[in-house]
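Chemist: Next comes the structure file protein-v3.json, holding JSON, N, CA and C atoms.
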[["chain", "number", "residue", "atom", "x", "y", "z"],
["A", 26, "MET", "N", 33.71, -27.42, 62.89],
["A", 26, "MET", "CA", 34.41, -28.66, 63.10],
["A", 26, "MET", "C", 35.65, -28.68, 62.21],
["A", 27, "PRO", "N", 36.84, -28.94, 62.78],
["A", 27, "PRO", "CA", 38.05, -29.01, 61.96],
["A", 27, "PRO", "C", 37.95, -30.15, 60.95],
["A", 28, "THR", "N", 38.54, -29.93, 59.81],
["A", 28, "THR", "CA", 38.59, -30.99, 58.80],
["A", 28, "THR", "C", 40.05, -31.26, 58.46],
["A", 29, "ARG", "N", 40.31, -32.46, 57.99],
["A", 29, "ARG", "CA", 41.68, -32.82, 57.64],
["A", 29, "ARG", "C", 41.75, -33.09, 56.14],
["A", 30, "SER", "N", 42.77, -32.55, 55.53],
["A", 30, "SER", "CA", 42.99, -32.82, 54.12],
["A", 30, "SER", "C", 43.96, -33.97, 53.97],
["A", 31, "SER", "N", 44.17, -34.44, 52.78],
["A", 31, "SER", "CA", 45.11, -35.52, 52.53],
["A", 31, "SER", "C", 46.54, -35.07, 52.83],
["A", 32, "ALA", "N", 46.76, -33.76, 52.92],
["A", 32, "ALA", "CA", 48.08, -33.22, 53.22],
["A", 32, "ALA", "C", 48.32, -33.12, 54.73],
["A", 33, "ARG", "N", 47.41, -33.69, 55.51],
["A", 33, "ARG", "CA", 47.49, -33.69, 56.96],
["A", 33, "ARG", "C", 47.47, -32.27, 57.53],
["A", 34, "THR", "N", 46.77, -31.40, 56.88],
["A", 34, "THR", "CA", 46.61, -30.03, 57.33],
["A", 34, "THR", "C", 45.23, -29.87, 57.93],
["A", 35, "THR", "N", 45.17, -29.36, 59.15],
["A", 35, "THR", "CA", 43.89, -29.11, 59.78],
["A", 35, "THR", "C", 43.45, -27.70, 59.41],
["A", 36, "THR", "N", 42.23, -27.58, 58.94],
["A", 36, "THR", "CA", 41.71, -26.26, 58.58],
["A", 36, "THR", "C", 40.45, -25.98, 59.38],
["A", 37, "ARG", "N", 40.28, -24.74, 59.71],
["A", 37, "ARG", "CA", 39.06, -24.29, 60.38],
["A", 37, "ARG", "C", 38.47, -23.17, 59.55],
["A", 38, "GLY", "N", 37.20, -23.02, 59.66],
["A", 38, "GLY", "CA", 36.56, -21.93, 58.92],
["A", 38, "GLY", "C", 35.38, -22.44, 58.14],
["A", 39, "PRO", "N", 34.80, -21.54, 57.37],
["A", 39, "PRO", "CA", 33.61, -21.91, 56.59],
["A", 39, "PRO", "C", 33.94, -23.01, 55.59],
["A", 40, "ARG", "N", 33.01, -23.96, 55.49],
["A", 40, "ARG", "CA", 33.18, -25.04, 54.53],
["A", 40, "ARG", "C", 32.50, -24.70, 53.21],
["A", 41, "SER", "N", 31.72, -23.65, 53.21],
["A", 41, "SER", "CA", 30.99, -23.23, 52.03],
["A", 41, "SER", "C", 30.92, -21.72, 52.01],
["A", 42, "VAL", "N", 30.82, -21.18, 50.84],
["A", 42, "VAL", "CA", 30.65, -19.73, 50.72],
["A", 42, "VAL", "C", 29.38, -19.28, 51.44],
["A", 43, "LEU", "N", 28.41, -20.18, 51.57],
["A", 43, "LEU", "CA", 27.16, -19.84, 52.24],
["A", 43, "LEU", "C", 27.35, -19.64, 53.74],
["A", 44, "ASP", "N", 28.45, -20.16, 54.29],
["A", 44, "ASP", "CA", 28.72, -20.00, 55.72],
["A", 44, "ASP", "C", 29.33, -18.64, 56.05],
["A", 45, "LEU", "N", 29.76, -17.91, 55.05],
["A", 45, "LEU", "CA", 30.39, -16.61, 55.28],
["A", 45, "LEU", "C", 29.37, -15.58, 55.76],
["A", 46, "ARG", "N", 29.78, -14.76, 56.70],
["A", 46, "ARG", "CA", 28.90, -13.71, 57.22],
["A", 46, "ARG", "C", 28.88, -12.49, 56.31],
["A", 47, "ARG", "N", 29.94, -12.29, 55.58],
["A", 47, "ARG", "CA", 30.02, -11.16, 54.66],
["A", 47, "ARG", "C", 30.21, -11.70, 53.25],
["A", 48, "PRO", "N", 29.89, -10.91, 52.26],
["A", 48, "PRO", "CA", 30.02, -11.42, 50.89],
["A", 48, "PRO", "C", 31.48, -11.70, 50.54],
["A", 49, "PRO", "N", 31.71, -12.64, 49.66],
["A", 49, "PRO", "CA", 33.08, -12.86, 49.19],
["A", 49, "PRO", "C", 33.55, -11.64, 48.40],
["A", 50, "THR", "N", 34.82, -11.57, 48.16],
["A", 50, "THR", "CA", 35.37, -10.46, 47.37],
["A", 50, "THR", "C", 34.75, -10.47, 45.98],
["A", 51, "ALA", "N", 34.32, -9.31, 45.54],
["A", 51, "ALA", "CA", 33.73, -9.20, 44.20],
["A", 51, "ALA", "C", 34.79, -9.54, 43.15],
["A", 52, "PRO", "N", 34.39, -10.29, 42.13],
["A", 52, "PRO", "CA", 35.35, -10.66, 41.09],
["A", 52, "PRO", "C", 36.05, -9.46, 40.45],
["A", 53, "GLY", "N", 35.31, -8.41, 40.19],
["A", 53, "GLY", "CA", 35.91, -7.22, 39.58],
["A", 53, "GLY", "C", 36.91, -6.54, 40.49],
["A", 54, "GLN", "N", 36.62, -6.53, 41.78],
["A", 54, "GLN", "CA", 37.56, -5.94, 42.75],
["A", 54, "GLN", "C", 38.84, -6.77, 42.80],
["A", 55, "MET", "N", 38.69, -8.09, 42.80],
["A", 55, "MET", "CA", 39.85, -8.98, 42.79],
["A", 55, "MET", "C", 40.68, -8.74, 41.53],
["A", 56, "LEU", "N", 40.02, -8.64, 40.41],
["A", 56, "LEU", "CA", 40.70, -8.41, 39.14],
["A", 56, "LEU", "C", 41.52, -7.12, 39.20],
["A", 57, "LEU", "N", 40.90, -6.05, 39.66],
["A", 57, "LEU", "CA", 41.58, -4.76, 39.69],
["A", 57, "LEU", "C", 42.72, -4.73, 40.71],
["A", 58, "GLU", "N", 42.42, -5.12, 41.95],
["A", 58, "GLU", "CA", 43.39, -4.96, 43.04],
["A", 58, "GLU", "C", 44.51, -6.00, 43.04],
["A", 59, "GLU", "N", 44.20, -7.21, 42.63],
["A", 59, "GLU", "CA", 45.18, -8.29, 42.73],
["A", 59, "GLU", "C", 45.87, -8.65, 41.41],
["A", 60, "TYR", "N", 45.32, -8.17, 40.29],
["A", 60, "TYR", "CA", 45.89, -8.56, 39.01],
["A", 60, "TYR", "C", 46.26, -7.37, 38.13],
["A", 61, "LEU", "N", 45.32, -6.49, 37.84],
["A", 61, "LEU", "CA", 45.64, -5.38, 36.95],
["A", 61, "LEU", "C", 46.66, -4.42, 37.56],
["A", 62, "ARG", "N", 46.37, -3.92, 38.75],
["A", 62, "ARG", "CA", 47.29, -2.94, 39.36],
["A", 62, "ARG", "C", 48.69, -3.51, 39.58],
["A", 63, "PRO", "N", 48.82, -4.69, 40.20],
["A", 63, "PRO", "CA", 50.18, -5.23, 40.39],
["A", 63, "PRO", "C", 50.93, -5.46, 39.06],
["A", 64, "ALA", "N", 50.20, -5.78, 38.01],
["A", 64, "ALA", "CA", 50.82, -6.01, 36.71],
["A", 64, "ALA", "C", 51.10, -4.71, 35.97],
["A", 65, "GLY", "N", 50.64, -3.60, 36.54],
["A", 65, "GLY", "CA", 50.83, -2.30, 35.89],
["A", 65, "GLY", "C", 50.00, -2.14, 34.64],
["A", 66, "LEU", "N", 48.88, -2.86, 34.58],
["A", 66, "LEU", "CA", 47.99, -2.80, 33.40],
["A", 66, "LEU", "C", 46.84, -1.85, 33.65],
["A", 67, "THR", "N", 46.57, -0.99, 32.70],
["A", 67, "THR", "CA", 45.37, -0.17, 32.76],
["A", 67, "THR", "C", 44.21, -0.98, 32.23],
["A", 68, "GLN", "N", 43.02, -0.52, 32.50],
["A", 68, "GLN", "CA", 41.84, -1.18, 31.94],
["A", 68, "GLN", "C", 41.88, -1.13, 30.42],
["A", 69, "VAL", "N", 42.33, -0.03, 29.88],
["A", 69, "VAL", "CA", 42.41, 0.14, 28.42],
["A", 69, "VAL", "C", 43.34, -0.91, 27.82],
["A", 70, "GLU", "N", 44.52, -1.05, 28.40],
["A", 70, "GLU", "CA", 45.49, -2.00, 27.88],
["A", 70, "GLU", "C", 45.02, -3.44, 28.06],
["A", 71, "ALA", "N", 44.44, -3.76, 29.22],
["A", 71, "ALA", "CA", 43.94, -5.12, 29.46],
["A", 71, "ALA", "C", 42.83, -5.45, 28.47],
["A", 72, "ALA", "N", 41.90, -4.53, 28.25],
["A", 72, "ALA", "CA", 40.81, -4.77, 27.30],
["A", 72, "ALA", "C", 41.36, -4.98, 25.89],
["A", 73, "ARG", "N", 42.36, -4.20, 25.52],
["A", 73, "ARG", "CA", 42.97, -4.33, 24.20],
["A", 73, "ARG", "C", 43.60, -5.72, 24.05],
["A", 74, "ARG", "N", 44.36, -6.15, 25.06],
["A", 74, "ARG", "CA", 45.02, -7.46, 25.00],
["A", 74, "ARG", "C", 44.01, -8.61, 25.00],
["A", 75, "MET", "N", 42.90, -8.41, 25.70],
["A", 75, "MET", "CA", 41.87, -9.45, 25.76],
["A", 75, "MET", "C", 40.95, -9.42, 24.54],
["A", 76, "LYS", "N", 41.07, -8.36, 23.75],
["A", 76, "LYS", "CA", 40.23, -8.16, 22.57],
["A", 76, "LYS", "C", 38.75, -8.10, 22.93],
["A", 77, "ILE", "N", 38.47, -7.28, 23.95],
["A", 77, "ILE", "CA", 37.09, -7.03, 24.37],
["A", 77, "ILE", "C", 36.87, -5.53, 24.45],
["A", 78, "PRO", "N", 35.62, -5.07, 24.39],
["A", 78, "PRO", "CA", 35.37, -3.64, 24.55],
["A", 78, "PRO", "C", 35.75, -3.17, 25.96],
["A", 79, "LEU", "N", 36.26, -1.97, 26.05],
["A", 79, "LEU", "CA", 36.65, -1.40, 27.33],
["A", 79, "LEU", "C", 35.48, -1.37, 28.30],
["A", 80, "ASN", "N", 34.27, -1.03, 27.82],
["A", 80, "ASN", "CA", 33.13, -0.93, 28.73],
["A", 80, "ASN", "C", 32.79, -2.27, 29.37],
["A", 81, "ARG", "N", 33.05, -3.37, 28.66],
["A", 81, "ARG", "CA", 32.81, -4.70, 29.22],
["A", 81, "ARG", "C", 33.71, -4.94, 30.43],
["A", 82, "LEU", "N", 34.99, -4.64, 30.28],
["A", 82, "LEU", "CA", 35.93, -4.81, 31.39],
["A", 82, "LEU", "C", 35.61, -3.84, 32.53],
["A", 83, "ASN", "N", 35.32, -2.60, 32.19],
["A", 83, "ASN", "CA", 35.00, -1.61, 33.21],
["A", 83, "ASN", "C", 33.75, -1.99, 34.00],
["A", 84, "GLU", "N", 32.75, -2.53, 33.34],
["A", 84, "GLU", "CA", 31.53, -2.94, 34.04],
["A", 84, "GLU", "C", 31.79, -4.12, 34.97],
["A", 85, "ILE", "N", 32.70, -5.01, 34.61],
["A", 85, "ILE", "CA", 33.08, -6.10, 35.51],
["A", 85, "ILE", "C", 33.76, -5.53, 36.75],
["A", 86, "ILE", "N", 34.68, -4.63, 36.55],
["A", 86, "ILE", "CA", 35.41, -4.02, 37.66],
["A", 86, "ILE", "C", 34.47, -3.23, 38.57],
["A", 87, "ARG", "N", 33.50, -2.56, 38.00],
["A", 87, "ARG", "CA", 32.55, -1.77, 38.80],
["A", 87, "ARG", "C", 31.44, -2.63, 39.40],
["A", 88, "GLY", "N", 31.42, -3.93, 39.12],
["A", 88, "GLY", "CA", 30.41, -4.81, 39.68],
["A", 88, "GLY", "C", 29.07, -4.74, 38.98],
["A", 89, "LYS", "N", 29.06, -4.19, 37.77],
["A", 89, "LYS", "CA", 27.82, -4.06, 37.00],
["A", 89, "LYS", "C", 27.59, -5.24, 36.06],
["A", 90, "ARG", "N", 28.62, -6.07, 35.90],
["A", 90, "ARG", "CA", 28.55, -7.21, 34.98],
["A", 90, "ARG", "C", 29.35, -8.35, 35.59],
["A", 91, "GLY", "N", 28.91, -9.56, 35.35],
["A", 91, "GLY", "CA", 29.62, -10.73, 35.85],
["A", 91, "GLY", "C", 30.67, -11.22, 34.87],
["A", 92, "ILE", "N", 31.49, -12.12, 35.35],
["A", 92, "ILE", "CA", 32.52, -12.74, 34.51],
["A", 92, "ILE", "C", 31.90, -13.96, 33.83],
["A", 93, "THR", "N", 31.79, -13.90, 32.53],
["A", 93, "THR", "CA", 31.25, -15.01, 31.74],
["A", 93, "THR", "C", 32.35, -16.02, 31.45],
["A", 94, "ALA", "N", 31.97, -17.15, 30.91],
["A", 94, "ALA", "CA", 32.95, -18.16, 30.52],
["A", 94, "ALA", "C", 33.93, -17.58, 29.49],
["A", 95, "ASP", "N", 33.41, -16.81, 28.54],
["A", 95, "ASP", "CA", 34.26, -16.19, 27.53],
["A", 95, "ASP", "C", 35.28, -15.26, 28.18],
["A", 96, "THR", "N", 34.83, -14.43, 29.09],
["A", 96, "THR", "CA", 35.73, -13.50, 29.76],
["A", 96, "THR", "C", 36.73, -14.26, 30.63],
["A", 97, "ALA", "N", 36.29, -15.33, 31.29],
["A", 97, "ALA", "CA", 37.19, -16.14, 32.12],
["A", 97, "ALA", "C", 38.32, -16.73, 31.26],
["A", 98, "LEU", "N", 37.99, -17.18, 30.07],
["A", 98, "LEU", "CA", 39.02, -17.72, 29.17],
["A", 98, "LEU", "C", 40.01, -16.64, 28.77],
["A", 99, "ARG", "N", 39.50, -15.45, 28.51],
["A", 99, "ARG", "CA", 40.38, -14.34, 28.11],
["A", 99, "ARG", "C", 41.25, -13.87, 29.27],
["A", 100, "LEU", "N", 40.68, -13.81, 30.47],
["A", 100, "LEU", "CA", 41.47, -13.43, 31.65],
["A", 100, "LEU", "C", 42.53, -14.49, 31.94],
["A", 101, "ALA", "N", 42.15, -15.75, 31.80],
["A", 101, "ALA", "CA", 43.10, -16.84, 32.03],
["A", 101, "ALA", "C", 44.28, -16.74, 31.07],
["A", 102, "ARG", "N", 44.00, -16.42, 29.83],
["A", 102, "ARG", "CA", 45.07, -16.29, 28.84],
["A", 102, "ARG", "C", 45.95, -15.09, 29.18],
["A", 103, "LEU", "N", 45.32, -13.97, 29.56],
["A", 103, "LEU", "CA", 46.07, -12.75, 29.87],
["A", 103, "LEU", "C", 47.00, -12.95, 31.06],
["A", 104, "PHE", "N", 46.52, -13.60, 32.10],
["A", 104, "PHE", "CA", 47.31, -13.75, 33.33],
["A", 104, "PHE", "C", 47.95, -15.13, 33.48],
["A", 105, "ARG", "N", 47.82, -15.97, 32.43],
["A", 105, "ARG", "CA", 48.42, -17.31, 32.42],
["A", 105, "ARG", "C", 48.00, -18.12, 33.64],
["A", 106, "MET", "N", 46.71, -18.27, 33.75],
["A", 106, "MET", "CA", 46.15, -19.03, 34.87],
["A", 106, "MET", "C", 44.90, -19.77, 34.43],
["A", 107, "SER", "N", 44.24, -20.40, 35.35],
["A", 107, "SER", "CA", 43.07, -21.22, 35.06],
["A", 107, "SER", "C", 41.81, -20.37, 34.85],
["A", 108, "PRO", "N", 41.00, -20.68, 33.83],
["A", 108, "PRO", "CA", 39.72, -19.98, 33.69],
["A", 108, "PRO", "C", 38.76, -20.34, 34.83],
["A", 109, "GLU", "N", 38.95, -21.54, 35.41],
["A", 109, "GLU", "CA", 38.09, -21.95, 36.52],
["A", 109, "GLU", "C", 38.24, -21.04, 37.73],
["A", 110, "PHE", "N", 39.41, -20.44, 37.90],
["A", 110, "PHE", "CA", 39.60, -19.49, 39.00],
["A", 110, "PHE", "C", 38.58, -18.36, 38.88],
["A", 111, "TRP", "N", 38.45, -17.82, 37.68],
["A", 111, "TRP", "CA", 37.56, -16.67, 37.46],
["A", 111, "TRP", "C", 36.09, -17.09, 37.55],
["A", 112, "THR", "N", 35.75, -18.24, 36.98],
["A", 112, "THR", "CA", 34.35, -18.67, 37.06],
["A", 112, "THR", "C", 33.98, -19.04, 38.49],
["A", 113, "SER", "N", 34.93, -19.54, 39.25],
["A", 113, "SER", "CA", 34.67, -19.87, 40.65],
["A", 113, "SER", "C", 34.43, -18.61, 41.48],
["A", 114, "LEU", "N", 35.23, -17.57, 41.23],
["A", 114, "LEU", "CA", 35.00, -16.29, 41.92],
["A", 114, "LEU", "C", 33.59, -15.79, 41.64],
["A", 115, "GLN", "N", 33.18, -15.85, 40.38],
["A", 115, "GLN", "CA", 31.86, -15.36, 40.00],
["A", 115, "GLN", "C", 30.77, -16.23, 40.60],
["A", 116, "ALA", "N", 30.96, -17.55, 40.59],
["A", 116, "ALA", "CA", 29.95, -18.46, 41.15],
["A", 116, "ALA", "C", 29.80, -18.23, 42.65],
["A", 117, "ASP", "N", 30.90, -18.06, 43.37],
["A", 117, "ASP", "CA", 30.83, -17.78, 44.81],
["A", 117, "ASP", "C", 30.07, -16.49, 45.08],
["A", 118, "TRP", "N", 30.37, -15.47, 44.30],
["A", 118, "TRP", "CA", 29.71, -14.18, 44.44],
["A", 118, "TRP", "C", 28.20, -14.32, 44.21],
["A", 119, "ASP", "N", 27.82, -14.97, 43.12],
["A", 119, "ASP", "CA", 26.41, -15.15, 42.78],
["A", 119, "ASP", "C", 25.67, -15.99, 43.82],
["A", 120, "LEU", "N", 26.29, -17.07, 44.25],
["A", 120, "LEU", "CA", 25.67, -17.97, 45.21],
["A", 120, "LEU", "C", 25.45, -17.28, 46.55],
["A", 121, "TRP", "N", 26.44, -16.54, 47.03],
["A", 121, "TRP", "CA", 26.30, -15.84, 48.30],
["A", 121, "TRP", "C", 25.16, -14.83, 48.24],
["A", 122, "HIS", "N", 25.09, -14.06, 47.16],
["A", 122, "HIS", "CA", 24.05, -13.04, 47.04],
["A", 122, "HIS", "C", 22.65, -13.65, 46.87],
["A", 123, "ALA", "N", 22.56, -14.77, 46.17],
["A", 123, "ALA", "CA", 21.27, -15.45, 46.03],
["A", 123, "ALA", "C", 20.80, -15.98, 47.38],
["A", 124, "ALA", "N", 21.72, -16.58, 48.14],
["A", 124, "ALA", "CA", 21.37, -17.10, 49.47],
["A", 124, "ALA", "C", 21.00, -15.97, 50.42],
["A", 125, "HIS", "N", 21.73, -14.87, 50.34],
["A", 125, "HIS", "CA", 21.45, -13.71, 51.19],
["A", 125, "HIS", "C", 20.04, -13.17, 50.91],
["A", 126, "ALA", "N", 19.67, -13.10, 49.65],
["A", 126, "ALA", "CA", 18.33, -12.62, 49.29],
["A", 126, "ALA", "C", 17.25, -13.56, 49.83],
["A", 127, "LEU", "N", 17.48, -14.86, 49.73],
["A", 127, "LEU", "CA", 16.51, -15.82, 50.27],
["A", 127, "LEU", "C", 16.42, -15.74, 51.78],
["A", 128, "ARG", "N", 17.55, -15.53, 52.45],
["A", 128, "ARG", "CA", 17.52, -15.37, 53.91],
["A", 128, "ARG", "C", 16.71, -14.15, 54.31],
["A", 129, "LYS", "N", 16.93, -13.05, 53.59],
["A", 129, "LYS", "CA", 16.20, -11.82, 53.89],
["A", 129, "LYS", "C", 14.70, -12.01, 53.69],
["A", 130, "ALA", "N", 14.34, -12.84, 52.74],
["A", 130, "ALA", "CA", 12.93, -13.10, 52.47],
["A", 130, "ALA", "C", 12.36, -14.19, 53.39],
["A", 131, "GLY", "N", 13.22, -14.74, 54.26],
["A", 131, "GLY", "CA", 12.77, -15.77, 55.20],
["A", 131, "GLY", "C", 12.58, -17.13, 54.56],
["A", 132, "GLN", "N", 13.17, -17.34, 53.41],
["A", 132, "GLN", "CA", 13.00, -18.60, 52.71],
["A", 132, "GLN", "C", 14.20, -19.54, 52.83],
["A", 133, "LEU", "N", 15.23, -19.11, 53.56],
["A", 133, "LEU", "CA", 16.41, -19.94, 53.77],
["A", 133, "LEU", "C", 16.86, -19.74, 55.20],
["A", 134, "GLN", "N", 17.18, -20.85, 55.87],
["A", 134, "GLN", "CA", 17.61, -20.76, 57.26],
["A", 134, "GLN", "C", 19.00, -20.14, 57.36],
["A", 135, "GLN", "N", 19.24, -19.49, 58.48],
["A", 135, "GLN", "CA", 20.54, -18.85, 58.73],
["A", 135, "GLN", "C", 21.63, -19.84, 58.86]]
How does the structure come out when it is put into structure tokens?

Modeler:
Amino acid sequence: MPTRSSARTTTRGPRSVLDLRRPPTAPGQMLLEEYLRPAGLTQVEAARRMKIPLNRLNEIIRGKRGITADTALRLARLFRMSPEFWTSLQADWDLWHAAHALRKAGQLQQ
């Protein structure tokens, strides 16, 4: 069902991350492809600027670790943006995967 925003824009599409058929973009993939590479930053340099261990950043990029509030604050400072952007990416990722697991177990409707 189309929805209208206060800007008089009609939008169509999923109203929730749970409506997506495929998982949302992984936070680490977004970080690497949309922020680090375009900025010309290596993982080593980004970790140094964020004052975090390299393995912490690398594990986020590889999808082995999530973005914590602390990391979101550091990423926000590095890229001059909102920490909520990063926590929202992580929350969407976690929520979709939790719902997918429940659907597979037959405990959540499609």

Chemist: Axis-aligned box over every listed atom of stretch 45-56 of chain A, padded by 8 Å per side: centre and edges in Å to one decimal, as lines of an AutoDock Vina configuration file?

Modeler:
center_x = 35.2
center_y = -11.9
center_z = 48.2
size_x = 28.6
size_y = 28.0
size_z = 34.1

Chemist: Any chance you could list, as a list in words, the residues in chain A that come up strand (DSSP E) when DSSP is run on the backbone?

Modeler: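 After running DSSP on the backbone, chain A has strand (DSSP E) at Thr28, Arg29, Thr35 and Thr36 of chain A.
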
Chemist: Could you write out that same residue set with N, CA and C atoms as a PDB file, in the coordinates of the input?

Modeler:
ATOM      1  N   THR A  28      38.540 -29.930  59.810  1.00  0.00           N
ATOM      2  CA  THR A  28      38.590 -30.990  58.800  1.00  0.00           C
ATOM      3  C   THR A  28      40.050 -31.260  58.460  1.00  0.00           C
ATOM      4  N   ARG A  29      40.310 -32.460  57.990  1.00  0.00           N
ATOM      5  CA  ARG A  29      41.680 -32.820  57.640  1.00  0.00           C
ATOM      6  C   ARG A  29      41.750 -33.090  56.140  1.00  0.00           C
ATOM      7  N   THR A  35      45.170 -29.360  59.150  1.00  0.00           N
ATOM      8  CA  THR A  35      43.890 -29.110  59.780  1.00  0.00           C
ATOM      9  C   THR A  35      43.450 -27.700  59.410  1.00  0.00           C
ATOM     10  N   THR A  36      42.230 -27.580  58.940  1.00  0.00           N
ATOM     11  CA  THR A  36      41.710 -26.260  58.580  1.00  0.00           C
ATOM     12  C   THR A  36      40.450 -25.980  59.380  1.00  0.00           C
TER      13      THR A  36
END

Chemist: Residues within 8 Å of A:Pro48, please, as a PyMOL selection string. Count only N, CA and C atoms; anything in the same chain fewer than 4 positions from it doesn't count.

Modeler: chain A and resi 42+117-118+121-122

Chemist: Quote the spacing between atom CA of A:Ile86 and atom CA of A:Ala51 in Å to one decimal place.

Modeler: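 Computing it gives 8.5 Å between the two atoms.
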
Chemist: Pick out the closest residue to A:Gly53 from this set: A:Arg87, A:Arg81, A:Arg74, A:Arg40. Count all atoms listed in the file.

Modeler: A:Arg87

Chemist: Compile the contact shell of A:Pro49 as a list in words: residues with an atom at most 12 Å away, counting only C-alpha atoms, same-chain residues fewer than 5 positions apart removed.

Modeler: Pro39, Ser41, Val42, Leu43, Asp44, Gln54, Met55, Ser113, Leu114, Gln115, Ala116, Asp117, Trp118, Asp119, Leu120, Trp121, His122 and His125 of chain A

Chemist: Can you list every residue in chain A that DSSP puts in helix (DSSP H, G or I), as a ChimeraX atom specification?

Modeler: /A:42-44,52-64,68-75,79-86,94-104,108-129

Chemist: Can you work out the spacing between atom C of A:Ala124 and atom CA of A:Ala97 in Å, to one decimal?

Modeler: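 So the two atoms, atom C of A:Ala124 and atom CA of A:Ala97, lie 24.4 Å apart.
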
Chemist: Work out how far apart atom CA of A:Lys76 and atom CA of A:Ala101 are and give it in Å to one decimal.

Modeler: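 Atom CA of A:Ala101 lies at a distance of 13.2 Å from atom CA of A:Lys76.
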
Chemist: Which polymer residues, whether protein, DNA or RNA, lie within 5 Å of the coordinate (40.1, -3.0, 32.7) when you count all atoms listed in the file? List them as a CSV table (one decimal) with N, CA and C atoms, keeping the file's coordinate frame, using the chain letters and numbers from the file.

Modeler:
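Contents of the output file selection-v9.csv:
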chain,number,residue,atom,x,y,z
A,67,THR,N,46.6,-1.0,32.7
A,67,THR,CA,45.4,-0.2,32.8
A,67,THR,C,44.2,-1.0,32.2
A,68,GLN,N,43.0,-0.5,32.5
A,68,GLN,CA,41.8,-1.2,31.9
A,68,GLN,C,41.9,-1.1,30.4
A,69,VAL,N,42.3,0.0,29.9
A,69,VAL,CA,42.4,0.1,28.4
A,69,VAL,C,43.3,-0.9,27.8
A,82,LEU,N,35.0,-4.6,30.3
A,82,LEU,CA,35.9,-4.8,31.4
A,82,LEU,C,35.6,-3.8,32.5
A,83,ASN,N,35.3,-2.6,32.2
A,83,ASN,CA,35.0,-1.6,33.2
A,83,ASN,C,33.8,-2.0,34.0

Chemist: Using only N, CA and C atoms, find the one residue out of A:Arg90, A:Gln134, A:Pro52, A:Glu59 that sits nearest to A:Trp111.

Modeler: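 The closest residue to A:Trp111 is A:Pro52.
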
Chemist: Compare A:Pro78, A:Lys129, A:Leu98, A:Leu103 by their minimum atom-to-atom distance to A:Ala64, counting only C-alpha atoms, and give me the closest one.

Modeler: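 Result for the nearest residue to A:Ala64: A:Leu103.
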
Chemist: Pick the closest to A:Leu56 from A:Ala123, A:Arg128, A:Ile85, A:Leu79: which is it, counting all atoms listed in the file?

Modeler: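 Checking each candidate against A:Leu56, we get A:Ile85 as the closest.
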